Structure formats: C-alpha cells, structure tokens
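What follows is query-v5.pdb (PDB, C-alpha atoms and all ligand atoms).
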ATOM      1  CA  MET A 145     -27.231 126.466 137.709
ATOM      2  CA  THR A 146     -28.631 125.269 140.985
ATOM      3  CA  GLU A 147     -32.108 123.887 140.949
ATOM      4  CA  ASN A 148     -34.226 125.953 143.267
ATOM      5  CA  TYR A 149     -37.919 126.128 144.012
ATOM      6  CA  MET A 150     -40.194 126.246 147.037
ATOM      7  CA  VAL A 151     -40.692 122.773 148.467
ATOM      8  CA  CYS A 152     -42.533 123.574 151.686
ATOM      9  CA  ASN A 153     -44.933 126.476 151.332
ATOM     10  CA  CYS A 154     -46.002 126.419 154.987
ATOM     11  CA  LYS A 155     -42.495 127.036 156.251
ATOM     12  CA  GLN A 156     -41.053 128.667 153.125
ATOM     13  CA  VAL A 157     -38.341 126.063 152.694
ATOM     14  CA  SER A 158     -36.739 125.870 149.266
ATOM     15  CA  TYR A 159     -34.831 123.102 147.519
ATOM     16  CA  ALA A 160     -31.614 125.016 148.253
ATOM     17  CA  ASP A 161     -32.460 125.198 151.972
ATOM     18  CA  ILE A 162     -32.816 121.407 152.058
ATOM     19  CA  ALA A 163     -29.652 120.851 150.022
ATOM     20  CA  ASN A 164     -27.711 123.186 152.336
ATOM     21  CA  ALA A 165     -29.063 121.464 155.424
ATOM     22  CA  ILE A 166     -27.837 118.132 154.059
ATOM     23  CA  GLN A 167     -24.402 119.553 153.250
ATOM     24  CA  ASN A 168     -24.091 120.869 156.785
ATOM     25  CA  ASN A 169     -25.179 117.563 158.174
ATOM     26  CA  THR A 170     -22.965 115.182 156.122
ATOM     27  CA  LYS A 171     -24.927 112.093 157.110
ATOM     28  CA  PHE A 172     -25.538 110.413 153.798
ATOM     29  CA  ASP A 173     -26.534 107.005 155.067
ATOM     30  CA  ASP A 174     -30.189 107.083 155.944
ATOM     31  CA  VAL A 175     -33.021 109.024 154.319
ATOM     32  CA  LEU A 176     -35.275 109.113 157.371
ATOM     33  CA  LYS A 177     -32.498 110.137 159.763
ATOM     34  CA  THR A 178     -31.401 112.801 157.337
ATOM     35  CA  PHE A 179     -35.009 113.923 157.033
ATOM     36  CA  GLU A 180     -35.195 114.404 160.794
ATOM     37  CA  SER A 181     -32.045 116.532 160.760
ATOM     38  CA  VAL A 182     -33.219 118.552 157.783
ATOM     39  CA  GLN A 183     -36.556 119.060 159.509
ATOM     40  CA  LYS A 184     -34.817 120.307 162.673
ATOM     41  CA  ILE A 185     -32.681 122.734 160.684
ATOM     42  CA  THR A 186     -35.262 124.053 158.204
ATOM     43  CA  HIS A 187     -38.592 123.221 159.954
ATOM     44  CA  CYS A 188     -39.839 121.877 156.642
ATOM     45  CA  SER A 189     -42.838 119.547 156.827
ATOM     46  CA  THR A 190     -43.890 120.787 160.266
ATOM     47  CA  GLY A 191     -47.015 122.561 158.996
ATOM     48  CA  CYS A 192     -49.650 120.783 156.921
ATOM     49  CA  GLY A 193     -47.305 117.887 156.142
ATOM     50  CA  GLY A 194     -48.238 117.997 152.469
ATOM     51  CA  CYS A 195     -44.622 118.328 151.394
ATOM     52  CA  HIS A 196     -43.432 115.277 153.333
ATOM     53  CA  GLN A 197     -43.022 112.985 150.326
ATOM     54  CA  LYS A 198     -41.469 115.781 148.258
ATOM     55  CA  VAL A 199     -38.873 116.384 150.954
ATOM     56  CA  LEU A 200     -38.122 112.656 151.228
ATOM     57  CA  ASP A 201     -37.710 112.381 147.445
ATOM     58  CA  ILE A 202     -35.322 115.332 147.349
ATOM     59  CA  ILE A 203     -33.267 113.952 150.222
ATOM     60  CA  SER A 204     -33.012 110.527 148.659
ATOM     61  CA  ASN A 205     -32.024 112.049 145.295
ATOM     62  CA  ILE A 206     -29.306 114.129 146.907
ATOM     63  CA  ILE A 207     -28.086 111.238 149.030
ATOM     64  CA  ASN A 208     -27.932 108.894 146.046
ATOM     65  CA  GLY A 209     -26.187 111.481 143.925
ATOM     66  CA  ALA A 210     -23.695 112.275 146.656
ATOM     67  CA  ALA A 211     -22.899 108.649 147.387
ATOM     68  CA  ILE A 212     -21.537 107.872 143.930
TER      69      ILE A 212
HETATM   70  S1  LIG B 301     -46.054 122.486 152.663
HETATM   71 FE1  LIG B 301     -44.570 121.755 154.048
HETATM   72  S2  LIG B 301     -45.695 121.490 155.908
HETATM   73 FE2  LIG B 301     -47.154 122.333 154.528
END
The structure given in the file should be rewritten as structure tokens.
Amino acid sequence: MTENYMVCNCKQVSYADIANAIQNNTKFDDVLKTFESVQKITHCSTGCGGCHQKVLDIISNIINGAAI
C-alpha cells in the first residue's frame, strides 16, 4: 500500500504527488535540487512555507531509499 497523506495544505500536495514528481524527474543526487524540481512540478511549499522541512524530509527519504 502506498503511503499517502497531505504534505502541503496550502497547495494541496500529497505524499504521492511528491513521489510522482521525483519519479518523473529521476535526479536522485541532490536533495535541494530535487526539491526545486518537485516545487516547480507540484508548487508545494510556495504558500506559507510551513511544509518546507516536511517536503525535504520526504525527498531525502525517497532519494536514500531509491539509491540503494
Ligand atoms: S503548507 Fe505548504 S506552503 Fe503552506
């Protein structure tokens, strides 16, 4: 079962939206660069910014998991 929940309430971006954006992007090297791409695709963390760390944590988890 895929883990899914709302990560960014301002922009209604879910965990699955972020995971999909990373899959489409296939740049697994750098968390901040990937964050920028994910932000462009999903517009997450462009509202209040409160989800910024959550988004970074999710990206780094996915990147680390995918790199093994
Ligand atoms: S919750 Fe993501 S920008 Fe506000």
Residues within 10 Å of ligand LIG 301 (chain B) (all atoms listed in the file), as a PDB file with C-alpha atoms, in the coordinates of the input?
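Below is the file that was written, pocket-v3.pdb:
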ATOM      1  CA  MET A 150     -40.194 126.246 147.037  1.00  0.00           C
ATOM      2  CA  VAL A 151     -40.692 122.773 148.467  1.00  0.00           C
ATOM      3  CA  CYS A 152     -42.533 123.574 151.686  1.00  0.00           C
ATOM      4  CA  ASN A 153     -44.933 126.476 151.332  1.00  0.00           C
ATOM      5  CA  CYS A 154     -46.002 126.419 154.987  1.00  0.00           C
ATOM      6  CA  LYS A 155     -42.495 127.036 156.251  1.00  0.00           C
ATOM      7  CA  GLN A 156     -41.053 128.667 153.125  1.00  0.00           C
ATOM      8  CA  VAL A 157     -38.341 126.063 152.694  1.00  0.00           C
ATOM      9  CA  HIS A 187     -38.592 123.221 159.954  1.00  0.00           C
ATOM     10  CA  CYS A 188     -39.839 121.877 156.642  1.00  0.00           C
ATOM     11  CA  SER A 189     -42.838 119.547 156.827  1.00  0.00           C
ATOM     12  CA  THR A 190     -43.890 120.787 160.266  1.00  0.00           C
ATOM     13  CA  GLY A 191     -47.015 122.561 158.996  1.00  0.00           C
ATOM     14  CA  CYS A 192     -49.650 120.783 156.921  1.00  0.00           C
ATOM     15  CA  GLY A 193     -47.305 117.887 156.142  1.00  0.00           C
ATOM     16  CA  GLY A 194     -48.238 117.997 152.469  1.00  0.00           C
ATOM     17  CA  CYS A 195     -44.622 118.328 151.394  1.00  0.00           C
ATOM     18  CA  HIS A 196     -43.432 115.277 153.333  1.00  0.00           C
ATOM     19  CA  GLN A 197     -43.022 112.985 150.326  1.00  0.00           C
ATOM     20  CA  LYS A 198     -41.469 115.781 148.258  1.00  0.00           C
ATOM     21  CA  VAL A 199     -38.873 116.384 150.954  1.00  0.00           C
TER      22      VAL A 199
END
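You can rank A:Ala160, A:Ile203, A:Asn148, A:Gly209 by their closest distance to Val175 (chain A) using all atoms listed in the file, and at the top of that list sits A:Ile203.
Distance annotation: of A:Ile202, A:Ile207, A:Leu176, A:Ile185, the residue with the minimal separation from Tyr149 (chain A) is A:Ile202; atom set is all atoms listed in the file.
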How would you write, as a count of residues only, the residues chosen by the PyMOL selection byres (((chain A and resi 178) around 12) and not hetatm) on this structure?
-> 31
